[in-house]
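Below is one structure, written out as structure tokens, with a few remarks after it.
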Amino acid sequence: EWTWSLARHGFWIPLARAYMLTQNEKYAREFVDQLKSFVHACPAEPHMGKLEANMDYPGDAWRSIEAGIRIYTVWLPALVYFRKSPSWDEEGWLCFLLGLHDHAEFLCTHYSNHTRCANWLAMESTALFQLGVLFPEFQRSSAWQQLAYRRICHEVRYQFDHDGVHMERTPIYHLVALQAFVQAYRIAILHDIPVPPYMLPILEKGTEFLMHLVKPDFTLPMIGDADRVSLCARKA
């Protein structure tokens, strides 16, 4: 699992926080260097025609789950932190923007559609939705948004039962799916995009269930395919 986790780029967030706190350009330069390195070393194009769930096992950078996770948990937050840095040069911006485009096109056709775990779908869909909404400059942004919107509206109702419990019955998957759908909901509201009337009540029930599930030390119980996760340590 850790070989795939490397492709989720979580190590860029500490760089972003360090830059925010210090304004030291060494952190921005490191981010830009790693961004360029990834785009050049792991282009999307060779993977566009592949539909295998695990791609080239192990550690392929273009499983659909990694493509979704890194967009909405790392790439877009990193944009907020680093966008004004003078170290983010023209080549870096081209790599970033073309990378966003490639991720969106990839996620349009690489949709796990319950051939894998349901939480994959939540992450794939919210990433595509956010790219479609937040980057209208791309010619196909409306198509990305509309496709992701349909997927989200279906999945948020399909994945949670009447008590607000995620179908995989694993706390960490409940958490990541809930976070993904909540982000999509908030972005839709902020951009005056109508949401189905059932969406907010489902998300509220899911949040309430998580509140009752969490232990006194703010860790999640290790049920199902779960490890020890602290809500205090997660900064989503």
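So you can find residues: chains in the structure tokens are A, B, ... in the order shown, residues in each start at 1, and ligands are numbered from 1 in order.
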
Can I get the residues of stretch 130-202 of chain A within 12 Å of stretch 66-78 of chain A, each with the closest pair of atoms and their distance in Å to one decimal, using only C-alpha atoms, sorted chain first then ascending number, as JSON lines?
{"residue": "A:Gln130", "atom": "CA", "partner": "A:Tyr72", "partner_atom": "CA", "distance": 7.4}
{"residue": "A:Leu131", "atom": "CA", "partner": "A:Ile71", "partner_atom": "CA", "distance": 8.4}
{"residue": "A:Leu134", "atom": "CA", "partner": "A:Leu76", "partner_atom": "CA", "distance": 9.6}
{"residue": "A:Phe135", "atom": "CA", "partner": "A:Leu76", "partner_atom": "CA", "distance": 10.8}
{"residue": "A:Ala148", "atom": "CA", "partner": "A:Gly68", "partner_atom": "CA", "distance": 11.8}
{"residue": "A:Val176", "atom": "CA", "partner": "A:Ile69", "partner_atom": "CA", "distance": 9.8}
{"residue": "A:Ala177", "atom": "CA", "partner": "A:Ile69", "partner_atom": "CA", "distance": 11.1}
{"residue": "A:Gln179", "atom": "CA", "partner": "A:Thr73", "partner_atom": "CA", "distance": 10.3}
{"residue": "A:Ala180", "atom": "CA", "partner": "A:Tyr72", "partner_atom": "CA", "distance": 8.4}
{"residue": "A:Phe181", "atom": "CA", "partner": "A:Tyr72", "partner_atom": "CA", "distance": 11.4}
{"residue": "A:Gln183", "atom": "CA", "partner": "A:Tyr72", "partner_atom": "CA", "distance": 9.0}
{"residue": "A:Ala184", "atom": "CA", "partner": "A:Tyr72", "partner_atom": "CA", "distance": 10.0}
{"residue": "A:Ile187", "atom": "CA", "partner": "A:Tyr72", "partner_atom": "CA", "distance": 11.8}

Atoms to include: all heavy atoms. Write the selected residues as an mmCIF file, in the first residue's frame.
data_model
loop_
_atom_site.group_PDB
_atom_site.id
_atom_site.type_symbol
_atom_site.label_atom_id
_atom_site.label_comp_id
_atom_site.auth_asym_id
_atom_site.auth_seq_id
_atom_site.Cartn_x
_atom_site.Cartn_y
_atom_site.Cartn_z
ATOM 1 N N GLN A 130 -14.644 18.991 -8.560
ATOM 2 C CA GLN A 130 -13.925 20.203 -8.176
ATOM 3 C C GLN A 130 -13.139 20.773 -9.343
ATOM 4 O O GLN A 130 -13.086 22.001 -9.529
ATOM 5 C CB GLN A 130 -13.011 19.902 -6.986
ATOM 6 C CG GLN A 130 -13.795 19.588 -5.718
ATOM 7 C CD GLN A 130 -12.914 19.398 -4.500
ATOM 8 O OE1 GLN A 130 -11.901 20.063 -4.352
ATOM 9 N NE2 GLN A 130 -13.305 18.488 -3.611
ATOM 10 N N LEU A 131 -12.542 19.916 -10.154
ATOM 11 C CA LEU A 131 -11.823 20.418 -11.329
ATOM 12 C C LEU A 131 -12.785 21.084 -12.309
ATOM 13 O O LEU A 131 -12.464 22.128 -12.889
ATOM 14 C CB LEU A 131 -11.084 19.266 -12.012
ATOM 15 C CG LEU A 131 -9.878 18.701 -11.250
ATOM 16 C CD1 LEU A 131 -9.335 17.453 -11.951
ATOM 17 C CD2 LEU A 131 -8.778 19.744 -11.109
ATOM 18 N N LEU A 134 -14.042 24.529 -10.479
ATOM 19 C CA LEU A 134 -13.052 25.540 -10.097
ATOM 20 C C LEU A 134 -12.163 26.004 -11.245
ATOM 21 O O LEU A 134 -11.471 27.014 -11.104
ATOM 22 C CB LEU A 134 -12.176 24.983 -8.966
ATOM 23 C CG LEU A 134 -12.917 24.605 -7.678
ATOM 24 C CD1 LEU A 134 -11.949 24.030 -6.651
ATOM 25 C CD2 LEU A 134 -13.649 25.814 -7.096
ATOM 26 N N PHE A 135 -12.206 25.299 -12.373
ATOM 27 C CA PHE A 135 -11.342 25.678 -13.493
ATOM 28 C C PHE A 135 -12.166 25.801 -14.780
ATOM 29 O O PHE A 135 -11.992 25.032 -15.728
ATOM 30 C CB PHE A 135 -10.203 24.658 -13.654
ATOM 31 C CG PHE A 135 -9.266 24.645 -12.493
ATOM 32 C CD1 PHE A 135 -9.498 23.806 -11.400
ATOM 33 C CD2 PHE A 135 -8.162 25.490 -12.454
ATOM 34 C CE1 PHE A 135 -8.650 23.807 -10.306
ATOM 35 C CE2 PHE A 135 -7.307 25.494 -11.366
ATOM 36 C CZ PHE A 135 -7.547 24.655 -10.286
ATOM 37 N N ALA A 148 -19.371 14.447 -13.232
ATOM 38 C CA ALA A 148 -19.101 14.216 -11.813
ATOM 39 C C ALA A 148 -20.338 14.473 -10.964
ATOM 40 O O ALA A 148 -20.587 13.759 -9.985
ATOM 41 C CB ALA A 148 -17.949 15.108 -11.354
ATOM 42 N N VAL A 176 -13.574 9.042 4.842
ATOM 43 C CA VAL A 176 -13.071 9.615 3.593
ATOM 44 C C VAL A 176 -14.200 9.830 2.589
ATOM 45 O O VAL A 176 -14.198 10.834 1.856
ATOM 46 C CB VAL A 176 -11.943 8.753 2.988
ATOM 47 C CG1 VAL A 176 -10.754 8.698 3.925
ATOM 48 C CG2 VAL A 176 -12.416 7.351 2.635
ATOM 49 N N ALA A 177 -15.180 8.923 2.555
ATOM 50 C CA ALA A 177 -16.307 9.122 1.642
ATOM 51 C C ALA A 177 -17.127 10.338 2.072
ATOM 52 O O ALA A 177 -17.531 11.159 1.239
ATOM 53 C CB ALA A 177 -17.175 7.870 1.602
ATOM 54 N N GLN A 179 -16.108 12.959 3.827
ATOM 55 C CA GLN A 179 -15.343 14.177 3.528
ATOM 56 C C GLN A 179 -15.430 14.536 2.055
ATOM 57 O O GLN A 179 -15.597 15.709 1.698
ATOM 58 C CB GLN A 179 -13.883 13.985 3.930
ATOM 59 C CG GLN A 179 -13.630 14.009 5.426
ATOM 60 C CD GLN A 179 -12.171 13.771 5.751
ATOM 61 O OE1 GLN A 179 -11.458 13.078 5.016
ATOM 62 N NE2 GLN A 179 -11.713 14.315 6.858
ATOM 63 N N ALA A 180 -15.304 13.537 1.197
ATOM 64 C CA ALA A 180 -15.337 13.796 -0.240
ATOM 65 C C ALA A 180 -16.675 14.377 -0.663
ATOM 66 O O ALA A 180 -16.746 15.366 -1.417
ATOM 67 C CB ALA A 180 -15.049 12.503 -1.004
ATOM 68 N N PHE A 181 -17.768 13.794 -0.176
ATOM 69 C CA PHE A 181 -19.088 14.290 -0.555
ATOM 70 C C PHE A 181 -19.395 15.645 0.075
ATOM 71 O O PHE A 181 -20.055 16.487 -0.544
ATOM 72 C CB PHE A 181 -20.152 13.270 -0.170
ATOM 73 C CG PHE A 181 -20.133 12.025 -1.012
ATOM 74 C CD1 PHE A 181 -20.182 10.772 -0.422
ATOM 75 C CD2 PHE A 181 -20.069 12.102 -2.392
ATOM 76 C CE1 PHE A 181 -20.168 9.616 -1.193
ATOM 77 C CE2 PHE A 181 -20.055 10.954 -3.180
ATOM 78 C CZ PHE A 181 -20.110 9.707 -2.574
ATOM 79 N N GLN A 183 -17.201 17.994 0.734
ATOM 80 C CA GLN A 183 -16.482 18.991 -0.064
ATOM 81 C C GLN A 183 -17.249 19.317 -1.336
ATOM 82 O O GLN A 183 -17.379 20.482 -1.720
ATOM 83 C CB GLN A 183 -15.080 18.480 -0.407
ATOM 84 C CG GLN A 183 -14.090 18.568 0.734
ATOM 85 C CD GLN A 183 -12.655 18.411 0.259
ATOM 86 O OE1 GLN A 183 -12.337 18.609 -0.913
ATOM 87 N NE2 GLN A 183 -11.783 18.040 1.171
ATOM 88 N N ALA A 184 -17.742 18.285 -2.014
ATOM 89 C CA ALA A 184 -18.506 18.514 -3.238
ATOM 90 C C ALA A 184 -19.763 19.327 -2.946
ATOM 91 O O ALA A 184 -20.106 20.246 -3.706
ATOM 92 C CB ALA A 184 -18.867 17.175 -3.877
ATOM 93 N N ILE A 187 -18.846 23.041 -2.258
ATOM 94 C CA ILE A 187 -18.454 23.738 -3.482
ATOM 95 C C ILE A 187 -19.676 24.016 -4.347
ATOM 96 O O ILE A 187 -19.808 25.095 -4.949
ATOM 97 C CB ILE A 187 -17.388 22.923 -4.239
ATOM 98 C CG1 ILE A 187 -16.059 23.016 -3.494
ATOM 99 C CG2 ILE A 187 -17.230 23.410 -5.675
ATOM 100 C CD1 ILE A 187 -14.967 22.151 -4.055
#

What are the closest atom pairs, with distances in Å to one decimal, for each residue of stretch 120-210 of chain A lying within 9 Å of stretch 97-115 of chain A, using only C-alpha atoms, rows by chain and rising residue number, as a Markdown table?
| residue | atom | partner | partner_atom | distance |
| --- | --- | --- | --- | --- |
| A:Trp120 | CA | A:Ser112 | CA | 7.0 |
| A:Leu121 | CA | A:Ser112 | CA | 6.3 |
| A:Glu124 | CA | A:Leu107 | CA | 6.6 |
| A:Ser125 | CA | A:Leu107 | CA | 7.9 |
| A:Ala127 | CA | A:Ala104 | CA | 7.9 |
| A:Leu128 | CA | A:Ala104 | CA | 5.6 |
| A:Phe129 | CA | A:Ala104 | CA | 8.8 |
| A:Leu131 | CA | A:Ala104 | CA | 6.7 |
| A:Gly132 | CA | A:Ala104 | CA | 7.9 |
| A:Phe138 | CA | A:His101 | CA | 7.6 |
| A:Arg140 | CA | A:Glu105 | CA | 8.9 |
| A:Ser141 | CA | A:Ala104 | CA | 8.6 |
| A:Trp144 | CA | A:Ala104 | CA | 6.9 |
| A:Leu147 | CA | A:Cys108 | CA | 7.5 |
| A:Ala148 | CA | A:Cys108 | CA | 8.0 |

Can you pull out every residue within 8 Å of stretch 157-165 of chain A, counting only C-alpha atoms, but drop anything in the same chain fewer than 4 positions away, and send it as a PDB file with N, CA, C and O atoms, in the first residue's frame?
ATOM      1  N   ALA A 118     -16.290   1.161  -2.608  1.00  0.00           N
ATOM      2  CA  ALA A 118     -17.166   2.303  -2.869  1.00  0.00           C
ATOM      3  C   ALA A 118     -16.501   3.630  -2.549  1.00  0.00           C
ATOM      4  O   ALA A 118     -16.790   4.649  -3.187  1.00  0.00           O
ATOM      5  N   CYS A 153     -24.445  12.611  -7.200  1.00  0.00           N
ATOM      6  CA  CYS A 153     -25.856  12.537  -6.806  1.00  0.00           C
ATOM      7  C   CYS A 153     -26.315  11.096  -6.650  1.00  0.00           C
ATOM      8  O   CYS A 153     -27.149  10.790  -5.786  1.00  0.00           O
ATOM      9  N   ARG A 169     -18.863  -0.285   5.978  1.00  0.00           N
ATOM     10  CA  ARG A 169     -18.834  -0.616   7.405  1.00  0.00           C
ATOM     11  C   ARG A 169     -17.411  -0.590   7.975  1.00  0.00           C
ATOM     12  O   ARG A 169     -17.047  -1.405   8.821  1.00  0.00           O
ATOM     13  N   HIS A 174     -15.790   5.289   5.855  1.00  0.00           N
ATOM     14  CA  HIS A 174     -16.911   6.190   6.147  1.00  0.00           C
ATOM     15  C   HIS A 174     -16.412   7.632   6.170  1.00  0.00           C
ATOM     16  O   HIS A 174     -17.028   8.527   5.574  1.00  0.00           O
ATOM     17  N   TYR A 198     -32.116  15.374  -0.959  1.00  0.00           N
ATOM     18  CA  TYR A 198     -31.724  14.291  -0.048  1.00  0.00           C
ATOM     19  C   TYR A 198     -30.263  14.367   0.370  1.00  0.00           C
ATOM     20  O   TYR A 198     -29.853  13.691   1.311  1.00  0.00           O
ATOM     21  N   MET A 199     -29.453  15.205  -0.280  1.00  0.00           N
ATOM     22  CA  MET A 199     -28.014  15.166  -0.063  1.00  0.00           C
ATOM     23  C   MET A 199     -27.621  15.635   1.335  1.00  0.00           C
ATOM     24  O   MET A 199     -26.888  14.942   2.052  1.00  0.00           O
ATOM     25  N   ILE A 202     -28.505  13.258   4.262  1.00  0.00           N
ATOM     26  CA  ILE A 202     -27.632  12.082   4.288  1.00  0.00           C
ATOM     27  C   ILE A 202     -26.278  12.433   4.899  1.00  0.00           C
ATOM     28  O   ILE A 202     -25.741  11.699   5.743  1.00  0.00           O
ATOM     29  N   LEU A 203     -25.730  13.558   4.486  1.00  0.00           N
ATOM     30  CA  LEU A 203     -24.424  13.967   5.003  1.00  0.00           C
ATOM     31  C   LEU A 203     -24.509  14.303   6.493  1.00  0.00           C
ATOM     32  O   LEU A 203     -23.574  14.022   7.248  1.00  0.00           O
ATOM     33  N   GLU A 204     -25.604  14.884   6.909  1.00  0.00           N
ATOM     34  CA  GLU A 204     -25.780  15.183   8.331  1.00  0.00           C
ATOM     35  C   GLU A 204     -25.864  13.897   9.150  1.00  0.00           C
ATOM     36  O   GLU A 204     -25.258  13.799  10.229  1.00  0.00           O
ATOM     37  N   LYS A 205     -26.592  12.913   8.652  1.00  0.00           N
ATOM     38  CA  LYS A 205     -26.673  11.638   9.364  1.00  0.00           C
ATOM     39  C   LYS A 205     -25.306  10.953   9.414  1.00  0.00           C
ATOM     40  O   LYS A 205     -24.931  10.362  10.434  1.00  0.00           O
ATOM     41  N   GLY A 206     -24.576  11.022   8.315  1.00  0.00           N
ATOM     42  CA  GLY A 206     -23.238  10.428   8.292  1.00  0.00           C
ATOM     43  C   GLY A 206     -22.305  11.095   9.275  1.00  0.00           C
ATOM     44  O   GLY A 206     -21.489  10.433   9.929  1.00  0.00           O
ATOM     45  N   THR A 207     -22.416  12.408   9.402  1.00  0.00           N
ATOM     46  CA  THR A 207     -21.595  13.150  10.353  1.00  0.00           C
ATOM     47  C   THR A 207     -21.980  12.815  11.786  1.00  0.00           C
ATOM     48  O   THR A 207     -21.116  12.646  12.658  1.00  0.00           O
ATOM     49  N   GLU A 208     -23.271  12.709  12.034  1.00  0.00           N
ATOM     50  CA  GLU A 208     -23.729  12.356  13.375  1.00  0.00           C
ATOM     51  C   GLU A 208     -23.271  10.956  13.761  1.00  0.00           C
ATOM     52  O   GLU A 208     -22.858  10.718  14.904  1.00  0.00           O
ATOM     53  N   PHE A 209     -23.332  10.029  12.818  1.00  0.00           N
ATOM     54  CA  PHE A 209     -22.853   8.675  13.097  1.00  0.00           C
ATOM     55  C   PHE A 209     -21.376   8.689  13.459  1.00  0.00           C
ATOM     56  O   PHE A 209     -20.937   8.018  14.401  1.00  0.00           O
TER      57      PHE A 209
END

Using only C-alpha atoms, find each residue of stretch 57-87 of chain A with at least one atom at most 7 Å away from an atom of stretch 26-49 of chain A; report its shortest atom-to-atom pair and that distance in Å (one decimal), sort the rows by chain and rising residue number, and return the result as a tab-separated table.
residue	atom	partner	partner_atom	distance
A:Ala61	CA	A:Cys42	CA	6.9
A:Trp62	CA	A:His47	CA	7.0
A:Phe82	CA	A:Ala28	CA	6.5
A:Ser85	CA	A:Ala28	CA	6.8
A:Ser87	CA	A:Arg29	CA	5.6

Expected file contents, prior selection, N, CA, C and O atoms, as a short mmCIF file (atom, residue, chain, number, x, y, z; two decimals), in the first residue's frame:
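Output saved as selection.cif:
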data_model
loop_
_atom_site.label_atom_id
_atom_site.label_comp_id
_atom_site.auth_asym_id
_atom_site.auth_seq_id
_atom_site.Cartn_x
_atom_site.Cartn_y
_atom_site.Cartn_z
N ALA A 61 1.28 5.02 -10.42
CA ALA A 61 0.80 6.34 -10.01
C ALA A 61 -0.58 6.66 -10.55
O ALA A 61 -1.18 7.66 -10.14
N TRP A 62 -1.11 5.83 -11.44
CA TRP A 62 -2.37 6.19 -12.10
C TRP A 62 -3.49 5.19 -11.84
O TRP A 62 -4.35 4.99 -12.70
N PHE A 82 0.79 27.98 -2.44
CA PHE A 82 1.98 28.35 -3.22
C PHE A 82 1.71 29.31 -4.37
O PHE A 82 2.66 29.75 -5.02
N SER A 85 3.90 32.36 -4.92
CA SER A 85 5.34 32.22 -4.76
C SER A 85 6.08 32.59 -6.05
O SER A 85 5.73 32.11 -7.13
N SER A 87 8.80 31.49 -6.82
CA SER A 87 9.54 30.29 -7.24
C SER A 87 8.71 29.41 -8.17
O SER A 87 9.26 28.50 -8.80
#

Atom pair atom CA of A:Ala16 / atom CA of A:Leu79: separation (Å):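 Taking atom CA of A:Ala16 and atom CA of A:Leu79, their separation equals 9.1 Å.
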
Looking only at the backbone, which of the residues in stretch 65-156 of chain A does DSSP tag as helix (DSSP H, G or I), as a ChimeraX atom specification? /A:65-82,90-109,118-134,141-156

Quick one: distance from atom CA of A:Tyr81 to atom CA of A:Met20 in Å, one decimal?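 These two atoms are separated by 6.4 Å.
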
For the strand (DSSP E) assignment from backbone DSSP, which residues of stretch 68-231 of chain A qualify? Please present them as a ChimeraX atom specification. /A:219-220,229-230

Could you turn the residues from that selection into a file that holds C-alpha atoms, as a compact mmCIF listing (two decimals), in the first residue's frame?
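Okay, this is what ended up in again-v4.txt:
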# COMPACT_ATOMS: atom_id res chain seq x y z
CA THR A 219 -9.52 7.91 17.41
CA LEU A 220 -11.72 5.70 15.27
CA VAL A 229 -6.81 6.81 12.89
CA SER A 230 -6.85 9.94 15.00
